[in-house]
Amino acid sequence: MADVSEAEAVAEAIREIRRSGGVCQMIPVAHGEHISRWATDPFTGAGTTIPKQGDLVRGWLDSIIFQGYWLDPGRTAVAGGKPNGDQKALMENCIAIVEGVIDAIKPGANVHDVARIGDALSAQFQEGDSQMNDQWPLYGHGTGLYWEHPYIGVKMSEPDDHFEAGMVLGVEAFLHIEGVGTAAHEQNLIVHADRNEIITDSPITWW
């Protein structure tokens, strides 16, 4: 949506969620100078300012609840849909971290080992910290009736935690580059014996 405030965009998102039979806890949005924060307005999740063309914009469905089950996908984009080279690299590298973690997840895989893969991928790109990196030192979590184990982070899981077939997971990454901003990305999936089934069908990129 062009030339609308964060709050107006969130209102439209909530309308679509409710008309589809779901509810949501909060939709935090940030853009421009506030992009390194979880939300422009920490009390409501969405501010009344309108993103300028070229601003990084991030939205998170935190969380969608449908028939008692939770999901919390998130995306980063650029207002106007035309990222510059640095913005495009930031978003694509954030997506690459998520995809690398997903590729490593399979039944029997150790959660710490997978989290270390996320750490190694992040170390290739990260320059500085954001509020999200500090608040959530992880690459995702189980989802069900709420956020559940396992938490995909060395600091937030036990050394003997393993993935199992049938788990539903949210796999996410928060990537900050000084002078560019913060991107974040989350996919939701079901772990099967032979594959990971992505159940988030919203677009990953818009450029």
# chains A, B, ... in the order shown; residues from 1 in each chain; ligands from 1
>>> residues_around(residues="segment 150-153 of chain A", least_positions_apart="3", cutoff="7 Å", atoms="only C-alpha atoms", output="list of chain:residue names")
A:Val111, A:His112, A:Ala115, A:Pro137, A:Leu138, A:Tyr139, A:Gly140, A:His141, A:Gly142, A:Met156, A:Ser157
>>> residues_around(residues="Lys82 of chain A", least_positions_apart="5", cutoff="10 Å", atoms="only C-alpha atoms", output="ChimeraX atom specification")
/A:53-55,77,87-88,206-207
>>> write_last_selection(atoms="C-alpha atoms", output="short mmCIF file (atom, residue, chain, number, x, y, z; two decimals), in the first residue's frame")
data_model
loop_
_atom_site.label_atom_id
_atom_site.label_comp_id
_atom_site.auth_asym_id
_atom_site.auth_seq_id
_atom_site.Cartn_x
_atom_site.Cartn_y
_atom_site.Cartn_z
CA GLN A 53 10.02 6.02 -0.71
CA GLY A 54 13.22 4.03 -0.22
CA ASP A 55 12.73 3.40 3.51
CA ALA A 77 10.75 -4.75 2.24
CA GLN A 87 19.38 -2.72 1.09
CA LYS A 88 18.99 -5.58 -1.35
CA TRP A 206 9.10 -7.82 -4.01
CA TRP A 207 11.89 -6.69 -6.34
#
>>> closest_residue(among="A:Glu127, A:Asp194, A:Asp72, A:Asp113", to="Leu169 of chain A", atoms="only C-alpha atoms")
A:Asp72
>>> select_by_dssp(residues="chain A", states="helix (DSSP H, G or I)", output="number ranges by chain")
A: 6-19, 32-34, 85-104, 111-125, 131-135
>>> closest_residue(among="A:Glu12, A:Ile102, A:Glu6, A:Arg116", to="Asp41 of chain A", atoms="only C-alpha atoms")
A:Glu6
